[in-house]
>>> print(open('entry-v9.txt').read())   # compact mmCIF, C-alpha atoms and all ligand atoms
# COMPACT_ATOMS: atom_id res chain seq x y z
CA MET A 23 24.64 17.04 -22.59
CA ALA A 24 21.39 19.02 -22.38
CA ASP A 25 21.18 22.81 -22.16
CA GLU A 26 24.18 25.07 -22.18
CA LEU A 27 24.33 27.68 -19.45
CA ALA A 28 24.07 31.35 -20.28
CA ARG A 29 27.18 33.36 -19.39
CA ASN A 30 25.63 34.88 -16.29
CA GLU A 31 24.44 31.43 -15.21
CA SER A 32 27.97 29.97 -15.58
CA LYS A 33 29.33 32.81 -13.46
CA GLU A 34 26.60 32.25 -10.91
CA LEU A 35 27.39 28.51 -10.83
CA ALA A 36 31.11 29.19 -10.31
CA ARG A 37 30.31 31.63 -7.50
CA LEU A 38 27.96 29.20 -5.80
CA GLU A 39 30.42 26.33 -6.16
CA THR A 40 33.12 28.41 -4.50
CA ILE A 41 30.81 28.90 -1.55
CA ILE A 42 30.28 25.16 -1.30
CA GLN A 43 34.01 24.45 -1.64
CA LEU A 44 35.14 27.01 0.91
CA GLY A 45 32.27 26.84 3.22
CA LEU A 46 31.67 23.19 3.96
CA SER A 47 31.64 24.22 7.62
CA THR A 48 29.14 27.05 7.18
CA PHE A 49 26.11 24.93 6.63
CA VAL A 50 23.67 27.75 5.95
CA GLU A 51 25.64 29.21 3.04
CA VAL A 52 26.28 25.76 1.59
CA GLY A 53 22.59 24.88 1.86
CA ASN A 54 21.56 28.12 0.16
CA ALA A 55 24.09 27.60 -2.64
CA LEU A 56 22.84 24.05 -3.22
CA LEU A 57 19.25 25.26 -3.18
CA ARG A 58 19.90 27.79 -5.90
CA ILE A 59 21.83 25.30 -8.03
CA ARG A 60 18.96 22.81 -7.66
CA ASP A 61 16.10 25.23 -8.30
CA GLY A 62 17.87 27.02 -11.16
CA ARG A 63 18.97 23.63 -12.58
CA LEU A 64 22.45 25.12 -12.87
CA TYR A 65 23.88 21.60 -12.89
CA ARG A 66 22.23 20.86 -16.23
CA ALA A 67 25.20 21.55 -18.53
CA SER A 68 27.26 18.82 -16.88
CA HIS A 69 24.77 16.49 -15.20
CA LYS A 70 21.34 15.09 -15.95
CA THR A 71 20.03 15.29 -12.41
CA PHE A 72 20.76 17.20 -9.23
CA GLU A 73 21.42 13.88 -7.53
CA GLU A 74 24.16 12.98 -10.05
CA TYR A 75 25.61 16.45 -9.67
CA THR A 76 25.88 16.41 -5.87
CA GLN A 77 27.22 12.86 -5.90
CA GLU A 78 29.89 13.37 -8.55
CA ARG A 79 30.86 16.96 -7.86
CA TRP A 80 30.73 16.88 -4.05
CA GLY A 81 30.55 13.20 -3.07
CA MET A 82 27.32 14.12 -1.35
CA THR A 83 24.18 12.00 -1.42
CA ARG A 84 20.95 13.67 -2.42
CA ARG A 85 19.74 13.07 1.14
CA ARG A 86 22.68 14.99 2.57
CA ALA A 87 22.21 17.80 0.05
CA ASN A 88 18.54 17.99 0.97
CA GLN A 89 19.42 18.07 4.67
CA LEU A 90 21.68 21.06 4.07
CA ILE A 91 19.07 22.78 1.91
CA GLY A 92 16.39 22.11 4.53
CA ALA A 93 18.67 23.44 7.28
CA ALA A 94 19.39 26.65 5.34
CA GLU A 95 15.66 27.16 4.78
CA THR A 96 14.96 26.54 8.45
CA VAL A 97 17.59 29.03 9.59
CA GLY A 98 16.13 31.52 7.08
CA ASN A 99 12.73 30.99 8.70
CA LEU A 100 14.16 31.77 12.14
CA GLY A 101 14.79 35.31 10.92
CA THR A 102 17.47 37.65 12.12
CA THR A 103 15.90 38.61 15.42
CA VAL A 104 16.42 35.39 17.39
CA PRO A 105 18.98 35.97 20.15
CA ILE A 106 20.81 32.67 19.54
CA LEU A 107 21.32 31.19 16.07
CA PRO A 108 22.07 27.48 15.59
CA ASP A 109 25.69 26.68 14.93
CA ALA A 110 25.37 23.15 13.53
CA GLU A 111 23.19 21.57 10.88
CA ARG A 112 22.22 18.64 13.13
CA GLN A 113 20.56 21.03 15.62
CA VAL A 114 18.40 22.36 12.82
CA ARG A 115 17.58 19.10 11.04
CA PRO A 116 14.72 17.98 13.31
CA MET A 117 12.93 21.29 12.74
CA ALA A 118 12.77 20.82 8.95
CA GLN A 119 9.54 18.87 9.36
CA LEU A 120 7.75 21.75 11.14
CA ALA A 121 5.83 24.54 9.46
CA ALA A 122 7.89 27.73 9.03
CA GLU A 123 6.31 29.73 11.85
CA GLN A 124 6.48 26.75 14.19
CA GLN A 125 10.21 26.53 13.57
CA GLN A 126 10.83 29.85 15.23
CA ALA A 127 8.65 28.89 18.18
CA ALA A 128 10.39 25.50 18.42
CA TRP A 129 13.83 27.09 18.36
CA ASP A 130 12.82 29.60 21.06
CA GLU A 131 11.56 26.73 23.15
CA ALA A 132 14.73 24.65 22.60
CA THR A 133 17.04 27.54 23.56
CA ARG A 134 14.84 28.19 26.59
CA ARG A 135 15.01 24.55 27.71
CA ALA A 136 18.80 24.45 27.14
CA ASN A 137 19.38 27.90 28.56
CA GLY A 138 21.59 28.62 25.52
CA GLN A 139 22.67 26.58 22.49
CA PRO A 140 20.53 23.41 22.58
CA THR A 141 21.84 19.97 21.71
CA ALA A 142 20.26 18.15 18.75
CA ALA A 143 18.54 15.86 21.30
CA ILE A 144 16.78 18.79 22.97
CA VAL A 145 15.62 20.12 19.60
CA GLU A 146 14.35 16.66 18.68
CA GLN A 147 12.33 16.48 21.87
CA VAL A 148 10.82 19.90 21.26
CA VAL A 149 9.93 18.88 17.70
CA ARG A 150 8.29 15.69 18.99
CA ASP A 151 6.16 17.85 21.30
CA PHE A 152 5.25 20.19 18.43
CA ASN A 153 4.51 17.28 16.09
CA TYR A 154 2.02 15.91 18.52
CA LYS A 155 0.01 19.11 18.19
CA ARG A 156 0.56 19.41 14.42
CA ASP A 157 -0.51 15.85 13.71
CA ASN A 158 -3.79 16.37 15.46
CA LYS A 159 -4.35 19.23 13.06
CA SER A 160 -3.06 17.55 9.92
CA ASN A 161 -5.51 14.69 10.12
CA ARG A 162 -3.41 11.76 11.15
CA ALA A 163 -4.20 8.39 9.56
CA GLY A 164 -5.79 6.14 12.14
CA ASP A 165 -7.92 8.86 13.69
CA ALA A 166 -11.60 8.46 13.02
CA TYR A 167 -11.22 11.23 10.45
CA VAL A 168 -14.36 12.55 8.81
CA PRO A 169 -13.79 15.52 6.48
CA GLN A 170 -16.14 18.44 7.09
CA GLY A 171 -17.38 21.37 4.96
CA TYR A 172 -15.09 22.30 2.06
CA ASP A 173 -12.60 19.68 3.28
CA ALA A 174 -15.15 17.16 2.05
CA CYS A 175 -16.14 18.76 -1.25
CA GLN A 176 -15.44 17.02 -4.56
CA THR A 177 -14.19 18.83 -7.62
CA PRO A 178 -15.96 18.46 -10.98
CA PRO A 179 -13.75 17.01 -13.74
CA TYR A 180 -13.97 20.14 -15.91
CA ALA A 181 -11.79 22.00 -13.38
CA ILE A 182 -8.66 20.36 -14.80
CA ASP A 183 -9.35 21.45 -18.41
CA PRO A 184 -7.29 24.68 -18.33
CA LEU A 185 -4.47 22.86 -16.52
CA LEU A 186 -4.04 20.01 -18.99
CA PRO A 187 -1.92 21.92 -21.57
CA PHE A 188 0.75 22.38 -18.87
CA LEU A 189 0.94 18.71 -17.88
CA PRO A 190 3.09 16.79 -20.38
CA MET A 191 1.36 13.63 -21.63
CA GLU A 192 4.17 11.39 -20.35
CA TRP A 193 3.93 12.67 -16.76
CA THR A 194 2.48 10.58 -13.98
CA ILE A 195 0.26 12.73 -11.79
CA TRP A 196 -0.26 12.14 -8.07
CA GLU A 197 -3.64 13.17 -6.64
CA PRO A 198 -2.84 12.89 -2.89
CA ALA A 199 -6.29 13.85 -1.52
CA CYS A 200 -8.44 12.15 -4.12
CA GLY A 201 -11.63 11.74 -2.08
CA GLU A 202 -14.21 10.14 -4.41
CA GLY A 203 -11.61 10.15 -7.17
CA LEU A 204 -13.31 12.52 -9.62
CA LEU A 205 -10.06 14.24 -10.58
CA VAL A 206 -8.28 10.89 -10.93
CA GLU A 207 -10.98 9.80 -13.37
CA ALA A 208 -10.78 13.12 -15.19
CA PHE A 209 -7.05 12.53 -15.72
CA TYR A 210 -7.70 9.02 -17.00
CA ASP A 211 -10.26 10.47 -19.39
CA ALA A 212 -7.58 12.85 -20.60
CA ASP A 213 -5.27 9.84 -21.20
CA ARG A 214 -2.99 10.71 -18.29
CA ARG A 215 -1.54 8.32 -15.78
CA CYS A 216 -2.72 9.29 -12.30
CA LEU A 217 -2.15 7.82 -8.83
CA GLY A 218 -4.93 8.57 -6.35
CA THR A 219 -4.43 8.37 -2.57
CA ASP A 220 -6.27 9.88 0.41
CA LEU A 221 -6.22 9.86 4.18
CA LEU A 222 -9.54 8.04 3.95
CA THR A 223 -7.70 5.06 2.44
CA GLY A 224 -4.80 5.34 4.89
CA GLN A 225 -2.29 7.56 3.06
CA ASN A 226 -1.60 10.68 5.08
CA PHE A 227 -0.10 13.26 2.75
CA PHE A 228 2.21 14.46 5.53
CA GLU A 229 3.80 11.05 5.88
CA TYR A 230 3.32 9.30 2.57
CA ALA A 231 4.54 9.62 -1.02
CA PRO A 232 3.90 6.99 -3.71
CA PRO A 233 6.70 4.47 -4.21
CA GLU A 234 6.17 4.62 -8.01
CA PRO A 235 7.77 7.47 -9.94
CA TRP A 236 5.54 10.56 -10.24
CA HIS A 237 6.18 13.92 -11.84
CA CYS A 238 3.55 16.32 -10.63
CA LEU A 239 1.06 16.67 -7.82
CA VAL A 240 -2.47 17.93 -8.53
CA THR A 241 -5.32 18.19 -6.07
CA ASN A 242 -7.99 20.23 -4.42
CA PRO A 243 -6.58 19.90 -0.89
CA PRO A 244 -8.42 20.19 2.44
CA TYR A 245 -8.65 23.96 2.95
CA SER A 246 -8.51 23.76 6.75
CA ILE A 247 -4.83 22.79 6.46
CA LYS A 248 -3.96 24.54 3.20
CA TYR A 249 -0.81 26.24 4.48
CA GLU A 250 0.65 23.04 5.88
CA TRP A 251 -0.31 21.43 2.57
CA LEU A 252 1.50 24.11 0.54
CA GLU A 253 4.59 23.78 2.71
CA ARG A 254 4.72 20.05 2.15
CA CYS A 255 4.25 20.50 -1.61
CA TYR A 256 7.20 22.87 -1.82
CA ARG A 257 9.22 20.56 0.36
CA LEU A 258 8.52 17.63 -1.97
CA GLY A 259 10.20 19.73 -4.66
CA ARG A 260 8.17 18.59 -7.70
CA PRO A 261 5.78 20.60 -9.86
CA PHE A 262 2.33 20.99 -8.35
CA ALA A 263 -1.08 22.51 -8.92
CA LEU A 264 -3.43 23.08 -5.99
CA LEU A 265 -6.98 24.35 -6.43
CA LEU A 266 -7.23 26.95 -3.68
CA PRO A 267 -9.41 29.95 -2.83
CA VAL A 268 -8.11 33.05 -4.62
CA GLU A 269 -8.00 34.80 -1.22
CA THR A 270 -5.04 32.55 -0.30
CA LEU A 271 -2.95 35.11 -2.19
CA GLY A 272 -3.67 37.63 0.56
CA ALA A 273 -2.60 35.45 3.49
CA SER A 274 0.79 36.42 4.91
CA ARG A 275 1.56 32.81 5.82
CA ALA A 276 1.10 31.82 2.19
CA GLN A 277 2.94 34.87 0.89
CA THR A 278 6.02 33.88 2.90
CA LEU A 279 6.09 30.64 0.96
CA PHE A 280 5.32 32.22 -2.41
CA LYS A 281 8.08 34.79 -1.96
CA ARG A 282 10.58 32.13 -1.02
CA HIS A 283 9.74 29.49 -3.62
CA GLY A 284 7.79 31.22 -6.37
CA LEU A 285 4.26 30.73 -7.67
CA GLU A 286 2.25 30.93 -10.88
CA VAL A 287 -1.51 31.27 -10.70
CA LEU A 288 -3.98 29.97 -13.24
CA PHE A 289 -7.14 31.99 -12.65
CA LEU A 290 -10.47 30.61 -13.84
CA ASP A 291 -13.13 32.51 -15.72
CA ARG A 292 -15.95 31.49 -13.37
CA ARG A 293 -16.63 29.79 -10.07
CA VAL A 294 -16.38 26.04 -9.77
CA ASN A 295 -19.46 24.14 -8.69
CA PHE A 296 -18.19 21.70 -6.09
CA LYS A 297 -20.09 18.64 -4.96
CA MET A 298 -20.85 19.22 -1.27
CA PRO A 299 -21.44 16.43 1.28
CA LYS A 300 -25.10 17.32 1.96
CA LYS A 301 -26.26 19.30 -1.08
CA GLY A 302 -24.44 17.25 -3.72
CA TRP A 303 -24.09 19.13 -7.02
CA GLU A 304 -27.05 21.36 -6.17
CA GLY A 305 -25.09 23.83 -4.06
CA GLY A 306 -24.97 26.41 -6.87
CA GLY A 307 -21.18 26.87 -7.02
CA ALA A 308 -18.56 27.81 -4.46
CA GLN A 309 -19.15 30.96 -2.43
CA PHE A 310 -15.69 32.11 -3.41
CA PRO A 311 -13.51 32.02 -6.53
CA VAL A 312 -10.76 29.41 -6.71
CA ALA A 313 -7.65 29.23 -8.87
CA TRP A 314 -4.92 26.73 -9.63
CA PHE A 315 -1.88 27.67 -7.54
CA THR A 316 0.98 26.15 -9.52
CA TRP A 317 4.71 25.72 -9.21
CA LYS A 318 7.14 24.70 -11.94
CA LEU A 319 4.43 24.13 -14.53
CA GLU A 320 5.82 26.89 -16.71
CA LEU A 321 2.62 28.81 -17.32
CA PRO A 322 3.03 31.50 -20.02
CA ASP A 323 2.63 34.22 -17.37
CA GLN A 324 2.87 34.37 -13.62
CA MET A 325 -0.82 35.31 -13.67
CA TYR A 326 -2.52 33.30 -16.38
CA PHE A 327 -6.22 33.41 -17.19
CA GLY A 328 -7.74 30.07 -18.13
CA THR A 329 -11.16 29.05 -19.38
CA LEU A 330 -13.18 26.31 -17.75
CA GLY A 331 -14.86 23.69 -19.91
CA ASN A 332 -18.67 23.87 -20.09
CA GLY A 333 -19.11 21.18 -17.41
CA THR A 334 -22.64 20.47 -18.53
CA THR A 335 -22.88 17.28 -16.48
CA PHE A 336 -21.80 18.88 -13.27
CA SER A 337 -22.69 22.56 -13.05
C1 LIG B 1 -11.65 19.03 -0.58
S1 LIG B 1 -11.55 17.27 -0.60
C2 LIG B 1 -11.03 17.09 -2.27
C3 LIG B 1 -11.18 15.73 -2.89
C4 LIG B 1 -10.58 15.66 -4.29
N1 LIG B 1 -9.21 16.12 -4.30
C5 LIG B 1 -11.39 16.47 -5.25
O1 LIG B 1 -10.93 17.57 -5.59
O2 LIG B 1 -12.45 16.05 -5.70
C6 LIG B 1 -10.14 17.02 0.39
C7 LIG B 1 -9.73 15.58 0.60
O3 LIG B 1 -8.54 15.62 1.40
C8 LIG B 1 -8.50 14.46 2.18
N2 LIG B 1 -7.52 14.67 3.27
C9 LIG B 1 -7.64 15.43 4.38
N3 LIG B 1 -6.53 15.39 5.12
C10 LIG B 1 -5.65 14.59 4.43
C11 LIG B 1 -4.33 14.17 4.67
N4 LIG B 1 -3.65 14.55 5.76
N5 LIG B 1 -3.74 13.34 3.77
C12 LIG B 1 -4.41 12.95 2.64
N6 LIG B 1 -5.66 13.32 2.38
C13 LIG B 1 -6.28 14.15 3.25
C14 LIG B 1 -9.94 14.30 2.63
O4 LIG B 1 -10.20 12.97 3.01
C15 LIG B 1 -10.70 14.72 1.38
O5 LIG B 1 -11.01 13.58 0.58
>>> encode(input="entry-v9.txt", output="structure tokens", more="lines below")
Ligand SMILES: C[S@@+](CC[C@H](N)C(=O)[O-])C[C@H]1O[C@@H](n2cnc3c(N)ncnc32)[C@H](O)[C@@H]1O
Amino acid sequence: MADELARNESKELARLETIIQLGLSTFVEVGNALLRIRDGRLYRASHKTFEEYTQERWGMTRRRANQLIGAAETVGNLGTTVPILPDAERQVRPMAQLAAEQQQAAWDEATRRANGQPTAAIVEQVVRDFNYKRDNKSNRAGDAYVPQGYDACQTPPYAIDPLLPFLPMEWTIWEPACGEGLLVEAFYDADRRCLGTDLLTGQNFFEYAPPEPWHCLVTNPPYSIKYEWLERCYRLGRPFALLLPVETLGASRAQTLFKRHGLEVLFLDRRVNFKMPKKGWEGGGAQFPVAWFTWKLELPDQMYFGTLGNGTTFS
């Protein structure tokens, strides 16, 4: 079997497994224990994948494990100040699809409508109401969607140069907002397999994931919905790299996610010259610095300083 666990990891695994064993009724603790086993890959000494582990050790499908993990995260997002906390996982499940700060608002609304502990059906209805608003903001497929401003910019191929050493050659990369496909082509040029999709061709990132296996998600996402985008990336649970304005580090909404899930940033040594809808490549570079916001790419440092290629064709 693969890696052995360090002594402290074995102890941690035993402690977490006791929680799962004893606490199958306390869904939040079980979800948190599963989350830490999954993210720390503490199953690796006995099982190849988390899915095999949950199935064999607990007779639990990956879907069920993910439901419990999602529920624990959701309850964590509700904070400690809400007057009524959910007492069953099924009440919480519908809220997993909402952004963290919407979850608290949705729960408040559900307890208000129920005048106490809401049924799962009431929560579902509230979530449907919230989704209606969210989907208008997250660019639903089928709308006459026309990206505007930086949501419509295209990234020059040289932007991926400092990222390539952290993307194993055998990985399949998903570019879920590929626009004109410049990054997809850049990955092909670097001999990587890359799947490109975009809302413009009918694949809404909030509803779609490629049916083929993929290992890592890389894109310059639409900045107008960058927080929702980050949330979905973490929720998908696979390594990712998003090219985002450096100032994203200062946003409390983003920090909540970074604190919870972790983050490594690959800073760039100069500004990237994006192709803009009206000015093309002549815009003279972004008005703001951008960096690759990465997760599970194992950068050498949490803050890593990369060097952009010369980009003679594009800058
Ligand atoms: C800033 S552009 C980046 C294009 C490309 N990633 C690049 O870096 O060259 C953002 C892209 O996100 C796409 N987009 C916006 N909302 C989306 C959504 N909900 N799902 C998938 N793509 C979306 C837009 O159509 C646009 O092509």
>>> residues_around(input="entry-v9.txt", residues="Leu90 of chain A", least_positions_apart="5", cutoff="8 Å", atoms="all atoms listed in the file", output="list in words")
Phe49, Val50, Val52, Gly53, Leu56 and Glu111 of chain A
>>> closest_residue(input="entry-v9.txt", among="A:Met325, A:Met117, A:Ala174, A:Ala276", to="ligand LIG 1 (chain B)", atoms="only C-alpha atoms and all ligand atoms")
A:Ala174
>>> atom_distance(input="entry-v9.txt", atom1="atom CA of Gln89 of chain A", atom2="atom CA of Trp236 of chain A")
21.7 Å
>>> residues_near_ligand(input="entry-v9.txt", ligand="ligand LIG 1 (chain B)", cutoff="6 Å", atoms="only C-alpha atoms and all ligand atoms", output="ChimeraX atom specification")
/A:160-161,169,172-177,198-201,204-205,220-222,225-228,241-244
>>> residues_around(input="entry-v9.txt", residues="Ser68 of chain A", least_positions_apart="3", cutoff="10 Å", atoms="only C-alpha atoms", output="ChimeraX atom specification")
/A:23-27,64-65,71,74-75,79
